[in-house]
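Chemist: Contents of target_21.txt (compact mmCIF, C-alpha atoms and all ligand atoms) are below:
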# COMPACT_ATOMS: atom_id res chain seq x y z
CA MET A 1 112.49 95.91 88.24
CA ASN A 2 113.04 95.24 91.95
CA ASP A 3 115.75 92.97 93.39
CA PHE A 4 113.46 89.93 93.49
CA ASP A 5 111.97 90.00 90.03
CA PHE A 6 109.50 87.15 89.55
CA THR A 7 109.50 87.69 85.76
CA GLY A 8 111.64 84.57 85.18
CA ILE A 9 108.99 82.26 86.65
CA ALA A 10 105.90 84.11 85.40
CA HIS A 11 105.11 81.53 82.69
CA ARG A 12 104.75 78.68 85.22
CA TYR A 13 103.73 80.56 88.37
CA GLU A 14 99.95 80.02 88.10
CA ARG A 15 100.44 76.26 87.62
CA ASP A 16 103.00 75.79 90.42
CA SER A 17 101.64 78.12 93.12
CA LEU A 18 99.65 75.34 94.81
CA VAL A 19 100.08 76.48 98.42
CA GLN A 20 99.48 80.16 97.61
CA LYS A 21 96.17 79.26 95.92
CA ALA A 22 94.98 77.19 98.89
CA ALA A 23 95.87 79.95 101.37
CA ALA A 24 94.18 82.57 99.14
CA GLU A 25 90.83 80.82 99.53
CA VAL A 26 91.09 81.19 103.33
CA LEU A 27 91.89 84.89 102.93
CA ILE A 28 88.97 85.38 100.52
CA SER A 29 86.50 83.99 103.05
CA LEU A 30 88.08 86.00 105.88
CA LEU A 31 87.76 89.27 103.93
CA GLU A 32 84.09 88.77 102.92
CA ILE A 33 84.44 90.89 99.78
CA GLY A 34 81.10 92.58 99.01
CA PRO A 35 79.28 92.25 95.66
CA ARG A 36 80.02 95.81 94.50
CA GLU A 37 83.31 96.61 96.24
CA ASP A 38 86.32 98.08 94.43
CA VAL A 39 89.29 95.86 95.25
CA LEU A 40 93.07 96.17 94.93
CA ASP A 41 95.04 92.93 94.60
CA LEU A 42 98.44 93.90 96.03
CA GLY A 43 101.36 91.83 94.69
CA CYS A 44 98.94 90.21 92.24
CA GLY A 45 101.48 88.01 90.43
CA THR A 46 99.97 86.43 87.32
CA GLY A 47 96.48 87.72 88.10
CA HIS A 48 94.54 84.47 88.56
CA LEU A 49 93.48 85.58 92.06
CA THR A 50 92.59 89.02 90.70
CA GLY A 51 90.35 87.17 88.25
CA ARG A 52 88.90 85.11 91.10
CA ILE A 53 88.10 88.31 93.06
CA ALA A 54 86.35 89.75 89.98
CA GLU A 55 83.95 86.79 90.15
CA ILE A 56 82.90 87.92 93.66
CA THR A 57 82.48 91.65 93.06
CA SER A 58 81.08 93.58 90.11
CA GLY A 59 83.20 96.56 91.19
CA ARG A 60 86.53 97.65 89.72
CA VAL A 61 89.40 95.22 90.41
CA THR A 62 93.03 96.33 90.07
CA GLY A 63 96.17 94.23 90.41
CA ILE A 64 99.60 95.72 91.01
CA ASP A 65 102.95 93.96 91.05
CA PRO A 66 106.53 95.18 90.52
CA ALA A 67 107.52 92.25 88.26
CA PRO A 68 106.91 93.23 84.60
CA GLY A 69 106.66 89.59 83.49
CA MET A 70 104.01 88.78 86.09
CA VAL A 71 101.96 91.82 85.06
CA ALA A 72 102.30 90.99 81.33
CA GLU A 73 101.03 87.47 82.02
CA ALA A 74 98.17 88.85 84.16
CA ARG A 75 97.12 91.41 81.52
CA SER A 76 97.10 88.88 78.71
CA LYS A 77 95.01 86.32 80.61
CA TYR A 78 92.77 88.34 82.91
CA GLY A 79 92.82 91.99 81.74
CA SER A 80 89.40 93.44 80.80
CA ASP A 81 87.37 96.68 81.02
CA ARG A 82 86.84 95.93 84.71
CA ILE A 83 90.14 94.24 85.64
CA GLY A 84 93.27 96.39 85.26
CA PHE A 85 96.92 95.67 86.04
CA GLU A 86 99.80 98.03 86.75
CA ILE A 87 103.52 97.58 87.36
CA SER A 88 104.21 98.99 90.82
CA ALA A 89 105.62 97.96 94.17
CA ALA A 90 103.32 98.37 97.17
CA GLU A 91 105.73 101.01 98.51
CA ASP A 92 105.09 103.17 95.39
CA LEU A 93 101.30 102.91 95.37
CA GLN A 94 99.88 106.36 94.51
CA ALA A 95 96.13 105.68 94.88
CA CYS A 96 94.14 107.85 97.29
CA ASP A 97 90.66 106.95 98.71
CA GLU A 98 90.06 104.57 95.78
CA PHE A 99 89.40 101.09 97.18
CA ASP A 100 86.98 99.43 99.61
CA CYS A 101 89.25 96.50 100.12
CA ILE A 102 92.88 95.46 99.59
CA PHE A 103 93.69 91.77 99.13
CA CYS A 104 97.32 90.78 99.64
CA ASN A 105 98.18 87.10 99.30
CA SER A 106 101.71 85.67 99.73
CA ALA A 107 103.40 89.00 98.92
CA LEU A 108 103.99 90.85 102.23
CA GLN A 109 107.13 88.81 102.97
CA TRP A 110 108.76 90.35 99.87
CA PHE A 111 108.08 94.00 100.72
CA SER A 112 111.35 95.92 101.02
CA ASN A 113 109.75 98.55 103.26
CA PRO A 114 106.54 97.23 104.89
CA GLU A 115 105.95 100.45 106.89
CA ARG A 116 106.00 102.61 103.74
CA ALA A 117 103.86 100.08 101.87
CA LEU A 118 101.21 100.01 104.61
CA THR A 119 101.07 103.80 104.83
CA ALA A 120 100.42 103.85 101.07
CA CYS A 121 97.75 101.15 101.50
CA ARG A 122 95.95 103.12 104.18
CA ARG A 123 95.89 106.15 101.86
CA ALA A 124 94.60 104.00 98.97
CA LEU A 125 91.61 102.77 101.01
CA ARG A 126 88.39 104.70 101.46
CA PRO A 127 87.51 105.51 105.09
CA GLY A 128 86.04 102.30 106.56
CA GLY A 129 87.99 100.20 104.04
CA ARG A 130 90.03 97.16 105.00
CA ILE A 131 93.10 95.19 104.04
CA GLY A 132 93.46 91.42 104.33
CA VAL A 133 96.86 89.80 104.32
CA GLN A 134 98.05 86.22 104.14
CA ALA A 135 101.79 85.51 104.12
CA PRO A 136 104.28 82.93 105.31
CA ALA A 137 105.31 83.86 108.85
CA ARG A 138 108.06 83.18 111.41
CA HIS A 139 111.65 82.35 110.51
CA ASP A 140 110.64 78.68 110.39
CA TYR A 141 107.90 79.54 107.87
CA CYS A 142 108.22 76.07 106.32
CA PRO A 143 110.15 73.53 108.46
CA ASN A 144 110.34 71.12 105.47
CA PHE A 145 112.05 73.72 103.29
CA LEU A 146 114.43 74.61 106.15
CA LYS A 147 115.43 70.96 106.52
CA GLY A 148 116.33 70.96 102.83
CA ILE A 149 118.17 74.27 103.24
CA ASP A 150 120.18 72.76 106.14
CA ALA A 151 121.42 70.12 103.68
CA VAL A 152 122.49 72.87 101.24
CA ALA A 153 124.17 74.80 104.10
CA SER A 154 126.26 71.79 105.13
CA HIS A 155 127.05 70.23 101.74
CA PRO A 156 130.69 70.73 100.60
CA ASP A 157 129.53 71.87 97.10
CA THR A 158 127.36 74.72 98.44
CA ALA A 159 128.32 75.45 102.09
CA ALA A 160 130.82 78.27 101.46
CA THR A 161 128.55 80.25 99.13
CA PHE A 162 125.44 79.54 101.18
CA SER A 163 127.12 80.97 104.29
CA GLN A 164 126.91 84.35 102.49
CA PHE A 165 123.14 84.09 101.93
CA ARG A 166 121.21 87.06 103.39
CA SER A 167 117.50 86.48 103.88
CA PRO A 168 115.42 89.07 101.97
CA TRP A 169 112.19 88.20 103.77
CA PHE A 170 110.06 90.11 106.21
CA PHE A 171 109.04 87.56 108.86
CA LEU A 172 107.77 88.23 112.38
CA LYS A 173 107.24 85.78 115.26
CA THR A 174 103.67 86.43 116.42
CA GLY A 175 100.30 87.70 115.25
CA ASP A 176 100.68 90.60 117.69
CA ALA A 177 104.00 91.61 116.15
CA TYR A 178 102.35 91.77 112.70
CA ALA A 179 99.36 93.66 114.13
CA ASP A 180 101.73 96.26 115.64
CA VAL A 181 103.23 97.04 112.24
CA PHE A 182 99.71 97.70 110.87
CA ARG A 183 98.73 99.74 113.93
CA ARG A 184 101.81 101.95 113.46
CA ALA A 185 100.57 102.66 109.92
CA GLY A 186 97.22 103.87 111.32
CA PHE A 187 95.08 100.72 111.09
CA ALA A 188 92.84 99.05 113.68
CA VAL A 189 93.51 95.30 113.68
CA PRO A 190 90.54 93.09 114.65
CA PHE A 191 92.16 89.87 113.47
CA ALA A 192 95.79 88.66 113.37
CA ARG A 193 96.65 85.01 113.81
CA ILE A 194 99.50 82.73 112.79
CA GLU A 195 98.31 79.27 111.83
CA ALA A 196 100.16 76.09 110.87
CA THR A 197 98.71 74.47 107.76
CA SER A 198 99.76 71.18 106.27
CA ALA A 199 98.99 69.22 103.14
CA ARG A 200 100.56 66.11 101.61
CA TYR A 201 102.67 66.62 98.52
CA SER A 202 105.10 64.49 96.56
CA PRO A 203 108.75 65.65 96.68
CA ASP A 204 108.42 66.80 93.04
CA GLN A 205 105.37 68.91 93.90
CA MET A 206 107.34 70.29 96.87
CA LEU A 207 110.07 71.39 94.48
CA LYS A 208 107.49 73.18 92.33
CA VAL A 209 106.11 74.91 95.42
CA PHE A 210 109.67 75.92 96.35
CA GLU A 211 110.29 77.26 92.83
CA SER A 212 107.08 79.33 92.95
CA GLY A 213 108.28 81.45 95.88
CA ALA A 214 111.30 80.72 98.07
CA ALA A 215 113.58 80.11 95.06
CA ALA A 216 113.22 83.78 94.06
CA GLY A 217 115.29 84.54 97.19
CA TYR A 218 117.60 81.52 97.55
CA MET A 219 118.45 81.44 93.82
CA ASN A 220 118.95 85.19 93.54
CA ALA A 221 122.51 86.55 93.33
CA ASN A 222 121.30 89.80 94.98
CA CYS A 223 120.73 87.82 98.20
CA TYR A 224 124.37 86.77 98.57
CA GLY A 225 127.20 88.75 100.09
CA CYS A 226 129.63 87.21 97.57
CA SER A 227 129.57 86.42 93.87
CA VAL A 228 127.67 83.21 93.14
CA PRO A 229 129.92 80.71 91.31
CA ASP A 230 128.91 78.89 88.11
CA GLY A 231 127.09 75.68 88.90
CA TYR A 232 125.94 76.80 92.37
CA VAL A 233 122.24 77.00 91.48
CA GLU A 234 122.35 73.55 89.83
CA SER A 235 124.09 72.03 92.89
CA PHE A 236 121.59 73.79 95.19
CA ARG A 237 118.66 72.28 93.26
CA ARG A 238 120.19 68.77 93.27
CA ILE A 239 120.93 68.77 97.03
CA LEU A 240 117.50 70.21 97.81
CA ALA A 241 115.73 67.64 95.62
CA ASP A 242 117.58 64.80 97.41
CA ALA A 243 116.69 66.27 100.81
CA PHE A 244 113.01 66.62 99.84
CA HIS A 245 112.92 63.00 98.61
CA ALA A 246 114.45 61.89 101.94
CA GLN A 247 111.44 63.42 103.77
CA ALA A 248 108.88 61.25 101.93
CA GLY A 249 106.93 58.65 103.90
CA ALA A 250 105.94 55.13 102.81
CA ASP A 251 103.27 56.58 100.47
CA GLY A 252 105.94 58.69 98.73
CA LYS A 253 104.48 61.93 100.12
CA VAL A 254 105.59 64.60 102.57
CA ASP A 255 103.48 66.45 105.12
CA LEU A 256 104.37 69.97 103.95
CA VAL A 257 103.88 72.44 106.81
CA PHE A 258 103.65 76.23 106.51
CA HIS A 259 103.22 78.85 109.20
CA ARG A 260 101.04 81.63 107.86
CA ILE A 261 99.85 84.97 109.17
CA TYR A 262 96.22 85.82 108.43
CA LEU A 263 95.39 89.43 109.26
CA VAL A 264 92.56 91.88 108.65
CA ALA A 265 93.10 95.59 109.33
CA LEU A 266 90.68 98.52 109.07
CA ARG A 267 91.08 102.13 108.07
CA SER A 268 88.71 103.55 110.65
CA ILE A 269 88.83 107.23 109.53
C1 LIG B 301 104.58 84.44 95.72
S1 LIG B 301 104.03 85.69 94.62
C2 LIG B 301 102.30 85.90 95.07
C3 LIG B 301 101.45 86.28 93.88
C4 LIG B 301 99.93 86.24 94.13
N1 LIG B 301 99.52 87.24 95.09
C5 LIG B 301 99.52 84.85 94.62
O1 LIG B 301 99.14 84.70 95.80
O2 LIG B 301 99.59 83.91 93.82
C6 LIG B 301 104.75 87.15 95.35
C7 LIG B 301 104.51 88.37 94.48
O3 LIG B 301 104.86 89.53 95.25
C8 LIG B 301 105.40 90.46 94.35
N2 LIG B 301 106.17 91.48 95.09
C9 LIG B 301 107.47 91.46 95.46
N3 LIG B 301 107.81 92.59 96.07
C10 LIG B 301 106.68 93.35 96.11
C11 LIG B 301 106.38 94.67 96.59
N4 LIG B 301 107.32 95.41 97.18
N5 LIG B 301 105.14 95.15 96.42
C12 LIG B 301 104.17 94.39 95.84
N6 LIG B 301 104.39 93.14 95.36
C13 LIG B 301 105.63 92.64 95.49
C14 LIG B 301 106.25 89.60 93.42
O4 LIG B 301 106.59 90.27 92.22
C15 LIG B 301 105.37 88.39 93.22
O5 LIG B 301 104.55 88.50 92.07
Could you write out this structure as structure tokens?
Ligand SMILES: C[S@@+](CC[C@H](N)C(=O)[O-])C[C@H]1O[C@@H](n2cnc3c(N)ncnc32)[C@H](O)[C@@H]1O
Modeler:
Amino acid sequence: MNDFDFTGIAHRYERDSLVQKAAAEVLISLLEIGPREDVLDLGCGTGHLTGRIAEITSGRVTGIDPAPGMVAEARSKYGSDRIGFEISAAEDLQACDEFDCIFCNSALQWFSNPERALTACRRALRPGGRIGVQAPARHDYCPNFLKGIDAVASHPDTAATFSQFRSPWFFLKTGDAYADVFRRAGFAVPFARIEATSARYSPDQMLKVFESGAAAGYMNANCYGCSVPDGYVESFRRILADAFHAQAGADGKVDLVFHRIYLVALRSI
């Protein structure tokens, strides 16, 4: 188990991961997965995208994720002779010259050691292979969430504890900064761009989106430099829900904006 175990939300992750699914489709078209390629789905979560990739290629498709509950869910729904799942963090990937393509959607921001993970990825790819990554980017990865978090940070019920929150996420400011990390791990980087995407969601849908990702950091005692008092998480959720509702327009919806890095990197030799 790593410090940010997604096991607790595994049962509802596939249903609630609306923004991750939409971004995954962009990454799938960017990667142009071939009909017989062997593909690794890195940080596969509950495996629905691994299953989606297996519709594109007739090759071997493998998902890895460090959260045992996510992998159990993935195995039970999508495991087959051709689609395998393993419990592993990207940093511990042992594969060598095994894959034509690595697909990594909405997981890079959680890597505890991106440099080590990318070195392992390069080794796992065959020469000429490629990795495609989509992840929230920049410290203001979602301005709507940060507005809600500002309310938590200033509310008397949560301010003192929240002041001890330590961000677990790996976020960089520019496409070039992301590309440099991949170059240092031995990749060529033909494409790296941060894009702002937006879609309209109700405040309740926004909360589900929050619970499918960001909550695993904000609601995690390991991310605080103090002990988290009883009732903190409940207060956090209540203040956040009120702040999300306050963002809704006349139609009851919010323009939910995310900054996302899309990157493709090649193992040239
Ligand atoms: C927001 S979910 C994304 C799941 C799936 N890729 C998707 O797009 O729906 C983030 C996933 O990254 C996984 N993760 C966290 N740290 C990781 C690491 N070091 N290596 C690989 N995956 C990691 C989590 O367990 C979680 O399942």
Chemist: Please tell me which residues are no farther than 10 Å from (102.3, 100.4, 106.6) in the file, counting only C-alpha atoms, and write them as a list in words.
Modeler: Ala90, Glu91, Asn113, Pro114, Glu115, Arg116, Ala117, Leu118, Thr119, Ala120, Cys121, Arg122, Arg123, Asp180, Val181, Phe182, Arg183, Arg184, Ala185, Gly186 and Phe187 of chain A
Chemist: Dump C-alpha atoms for the selected residues as an mmCIF file, in the coordinates of the input?
Modeler:
data_model
loop_
_atom_site.group_PDB
_atom_site.id
_atom_site.type_symbol
_atom_site.label_atom_id
_atom_site.label_comp_id
_atom_site.auth_asym_id
_atom_site.auth_seq_id
_atom_site.Cartn_x
_atom_site.Cartn_y
_atom_site.Cartn_z
ATOM 1 C CA ALA A 90 103.320 98.370 97.170
ATOM 2 C CA GLU A 91 105.730 101.010 98.510
ATOM 3 C CA ASN A 113 109.750 98.550 103.260
ATOM 4 C CA PRO A 114 106.540 97.230 104.890
ATOM 5 C CA GLU A 115 105.950 100.450 106.890
ATOM 6 C CA ARG A 116 106.000 102.610 103.740
ATOM 7 C CA ALA A 117 103.860 100.080 101.870
ATOM 8 C CA LEU A 118 101.210 100.010 104.610
ATOM 9 C CA THR A 119 101.070 103.800 104.830
ATOM 10 C CA ALA A 120 100.420 103.850 101.070
ATOM 11 C CA CYS A 121 97.750 101.150 101.500
ATOM 12 C CA ARG A 122 95.950 103.120 104.180
ATOM 13 C CA ARG A 123 95.890 106.150 101.860
ATOM 14 C CA ASP A 180 101.730 96.260 115.640
ATOM 15 C CA VAL A 181 103.230 97.040 112.240
ATOM 16 C CA PHE A 182 99.710 97.700 110.870
ATOM 17 C CA ARG A 183 98.730 99.740 113.930
ATOM 18 C CA ARG A 184 101.810 101.950 113.460
ATOM 19 C CA ALA A 185 100.570 102.660 109.920
ATOM 20 C CA GLY A 186 97.220 103.870 111.320
ATOM 21 C CA PHE A 187 95.080 100.720 111.090
#
Chemist: Please find the residues contacting ligand LIG 301 (chain B) at a distance of at most 9 Å between atoms, with only C-alpha atoms and all ligand atoms counted, and report them as a PyMOL selection string.
Modeler: chain A and resi 2-7+10+13-14+17-21+23-24+41-50+64-71+88-93+103-114+117+134-135+212-214+216
Chemist: May I ask for the distance between atom CA of Tyr141 of chain A and atom CA of Phe170 of chain A, given in Å to one decimal place?
Modeler: 10.9 Å
Chemist: State, in Å with one decimal place, the distance from atom CA of Arg267 of chain A to atom CA of Gly128 of chain A.
Modeler: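 It comes out at 5.3 Å.
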Chemist: Rank nothing, just name the residue among A:Ile149, A:Ser163, A:Ala95, A:Leu263 nearest to Cys223 of chain A, using all atoms listed in the file.
Modeler: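 Ranking A:Ile149, A:Ser163, A:Ala95, A:Leu263 by distance to Cys223 of chain A, first place goes to A:Ser163.
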Chemist: Counting all atoms listed in the file, which of A:Glu98, A:His11, A:Ile28, A:Arg200 gets nearest to Asp251 of chain A?
Modeler: A:Arg200
Chemist: So, with only C-alpha atoms as the atoms that count, which of A:Asp242, A:Asp176, A:Glu211, A:Asp100 lies closest to Gly148 of chain A?
Modeler: A:Asp242
Chemist: Excluding same-chain residues fewer than 4 positions from segment 79-81 of chain A, what lies within 12 Å of it counting all atoms listed in the file, as JSON, numbers by chain?
Modeler: {"A": [46, 47, 48, 50, 51, 54, 58, 59, 60, 61, 62, 63, 71, 72, 73, 74, 75, 85, 86]}
Chemist: Mind listing as an MDAnalysis selection string all residues within 6 Å of (91.9, 99.9, 110.7), counting all atoms listed in the file?
Modeler: chainID A and resid 187:189 265:268
Chemist: Centre and edge lengths of an axis-aligned box around all listed atoms of segment 62-76 of chain A, with 3 Å added on each side, are to be given in Å to one decimal, as JSON.
Modeler:
{"center_x": 100.3, "center_y": 91.9, "center_z": 84.9, "size_x": 20.5, "size_y": 14.9, "size_z": 18.3}
Chemist: Which residue out of A:Ser167, A:Arg193, A:Thr161, A:Ser198 has the minimum interatomic distance to Val233 of chain A when only C-alpha atoms are used?
Modeler: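 Closest to Val233 of chain A, using only C-alpha atoms: A:Thr161.
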Chemist: For Ser29 of chain A, which of A:Pro156, A:Pro190, A:Pro143, A:Gly132 is the closest residue, counting only C-alpha atoms?
Modeler: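 Among the listed residues, the smallest separation from Ser29 of chain A belongs to A:Gly132.
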Chemist: Of the candidates A:Leu31, A:Cys142, A:Leu207, A:Leu172, which one gets nearest to Asp16 of chain A if we count all atoms listed in the file?
Modeler: A:Leu207
Chemist: Need the shell around Asp97 of chain A: protein/DNA/RNA residues with any atom at most 6 Å away, counting only C-alpha atoms. Skip same-chain ones fewer than 6 positions apart. Format as number ranges by chain?
Modeler: A: 124-126
Chemist: Find the residues near Gln164 of chain A: any atom within 8 Å, counting all atoms listed in the file, skip ones fewer than 6 places away on the same chain, and give them as a PyMOL selection string.
Modeler: chain A and resi 224-226
Chemist: Work out how far apart atom CA of Thr197 of chain A and atom CA of Asn144 of chain A are and give it in Å to one decimal.
Modeler: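 Atom CA of Asn144 of chain A lies 12.3 Å from atom CA of Thr197 of chain A.
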Chemist: Would you fill out segment 24-56 of chain A with N, CA and C atoms and return it as an mmCIF file, keeping the file's coordinate frame?
Modeler:
data_model
loop_
_atom_site.group_PDB
_atom_site.id
_atom_site.type_symbol
_atom_site.label_atom_id
_atom_site.label_comp_id
_atom_site.auth_asym_id
_atom_site.auth_seq_id
_atom_site.Cartn_x
_atom_site.Cartn_y
_atom_site.Cartn_z
ATOM 1 N N ALA A 24 94.982 81.444 99.647
ATOM 2 C CA ALA A 24 94.180 82.570 99.140
ATOM 3 C C ALA A 24 92.700 82.346 99.404
ATOM 4 N N GLU A 25 92.249 81.098 99.304
ATOM 5 C CA GLU A 25 90.830 80.820 99.530
ATOM 6 C C GLU A 25 90.444 81.135 100.975
ATOM 7 N N VAL A 26 91.351 80.856 101.919
ATOM 8 C CA VAL A 26 91.090 81.190 103.330
ATOM 9 C C VAL A 26 90.986 82.709 103.476
ATOM 10 N N LEU A 27 91.902 83.424 102.826
ATOM 11 C CA LEU A 27 91.890 84.890 102.930
ATOM 12 C C LEU A 27 90.622 85.465 102.298
ATOM 13 N N ILE A 28 90.193 84.891 101.183
ATOM 14 C CA ILE A 28 88.970 85.380 100.520
ATOM 15 C C ILE A 28 87.776 85.243 101.470
ATOM 16 N N SER A 29 87.666 84.105 102.160
ATOM 17 C CA SER A 29 86.500 83.990 103.050
ATOM 18 C C SER A 29 86.638 84.893 104.270
ATOM 19 N N LEU A 30 87.864 85.104 104.731
ATOM 20 C CA LEU A 30 88.080 86.000 105.880
ATOM 21 C C LEU A 30 87.701 87.443 105.551
ATOM 22 N N LEU A 31 87.974 87.870 104.317
ATOM 23 C CA LEU A 31 87.760 89.270 103.930
ATOM 24 C C LEU A 31 86.303 89.594 103.619
ATOM 25 N N GLU A 32 85.516 88.563 103.263
ATOM 26 C CA GLU A 32 84.090 88.770 102.920
ATOM 27 C C GLU A 32 83.917 89.937 101.953
ATOM 28 N N ILE A 33 84.515 89.823 100.795
ATOM 29 C CA ILE A 33 84.440 90.890 99.780
ATOM 30 C C ILE A 33 82.978 91.052 99.339
ATOM 31 N N GLY A 34 82.507 92.297 99.354
ATOM 32 C CA GLY A 34 81.100 92.580 99.010
ATOM 33 C C GLY A 34 80.873 92.554 97.504
ATOM 34 N N PRO A 35 79.593 92.458 97.086
ATOM 35 C CA PRO A 35 79.280 92.250 95.660
ATOM 36 C C PRO A 35 79.568 93.446 94.759
ATOM 37 N N ARG A 36 79.748 94.647 95.350
ATOM 38 C CA ARG A 36 80.020 95.810 94.500
ATOM 39 C C ARG A 36 81.291 96.551 94.914
ATOM 40 N N GLU A 37 82.126 95.898 95.721
ATOM 41 C CA GLU A 37 83.310 96.610 96.240
ATOM 42 C C GLU A 37 84.401 96.755 95.166
ATOM 43 N N ASP A 38 85.118 97.881 95.260
ATOM 44 C CA ASP A 38 86.320 98.080 94.430
ATOM 45 C C ASP A 38 87.500 97.501 95.203
ATOM 46 N N VAL A 39 88.255 96.624 94.542
ATOM 47 C CA VAL A 39 89.290 95.860 95.250
ATOM 48 C C VAL A 39 90.652 96.023 94.572
ATOM 49 N N LEU A 40 91.680 96.178 95.408
ATOM 50 C CA LEU A 40 93.070 96.170 94.930
ATOM 51 C C LEU A 40 93.708 94.849 95.306
ATOM 52 N N ASP A 41 94.285 94.161 94.340
ATOM 53 C CA ASP A 41 95.040 92.930 94.600
ATOM 54 C C ASP A 41 96.528 93.324 94.613
ATOM 55 N N LEU A 42 97.085 93.357 95.821
ATOM 56 C CA LEU A 42 98.440 93.900 96.030
ATOM 57 C C LEU A 42 99.470 92.775 95.918
ATOM 58 N N GLY A 43 100.414 92.918 94.969
ATOM 59 C CA GLY A 43 101.360 91.830 94.690
ATOM 60 C C GLY A 43 100.610 90.712 93.980
ATOM 61 N N CYS A 44 99.932 91.089 92.885
ATOM 62 C CA CYS A 44 98.940 90.210 92.240
ATOM 63 C C CYS A 44 99.552 89.053 91.472
ATOM 64 N N GLY A 45 100.875 89.096 91.209
ATOM 65 C CA GLY A 45 101.480 88.010 90.430
ATOM 66 C C GLY A 45 100.830 87.885 89.068
ATOM 67 N N THR A 46 100.491 86.666 88.669
ATOM 68 C CA THR A 46 99.970 86.430 87.320
ATOM 69 C C THR A 46 98.461 86.641 87.214
ATOM 70 N N GLY A 47 97.837 87.200 88.240
ATOM 71 C CA GLY A 47 96.480 87.720 88.100
ATOM 72 C C GLY A 47 95.345 86.717 88.229
ATOM 73 N N HIS A 48 95.658 85.425 88.477
ATOM 74 C CA HIS A 48 94.540 84.470 88.560
ATOM 75 C C HIS A 48 93.676 84.741 89.791
ATOM 76 N N LEU A 49 94.302 85.255 90.886
ATOM 77 C CA LEU A 49 93.480 85.580 92.060
ATOM 78 C C LEU A 49 92.716 86.885 91.839
ATOM 79 N N THR A 50 93.303 87.795 91.068
ATOM 80 C CA THR A 50 92.590 89.020 90.700
ATOM 81 C C THR A 50 91.328 88.628 89.926
ATOM 82 N N GLY A 51 91.490 87.671 89.009
ATOM 83 C CA GLY A 51 90.350 87.170 88.250
ATOM 84 C C GLY A 51 89.318 86.512 89.151
ATOM 85 N N ARG A 52 89.806 85.785 90.137
ATOM 86 C CA ARG A 52 88.900 85.110 91.100
ATOM 87 C C ARG A 52 88.100 86.153 91.894
ATOM 88 N N ILE A 53 88.777 87.246 92.302
ATOM 89 C CA ILE A 53 88.100 88.310 93.060
ATOM 90 C C ILE A 53 87.015 88.968 92.186
ATOM 91 N N ALA A 54 87.318 89.113 90.893
ATOM 92 C CA ALA A 54 86.350 89.750 89.980
ATOM 93 C C ALA A 54 85.109 88.878 89.776
ATOM 94 N N GLU A 55 85.166 87.625 90.189
ATOM 95 C CA GLU A 55 83.950 86.790 90.150
ATOM 96 C C GLU A 55 83.048 87.090 91.357
ATOM 97 N N ILE A 56 83.656 87.674 92.422
ATOM 98 C CA ILE A 56 82.900 87.920 93.660
ATOM 99 C C ILE A 56 82.251 89.302 93.628
#
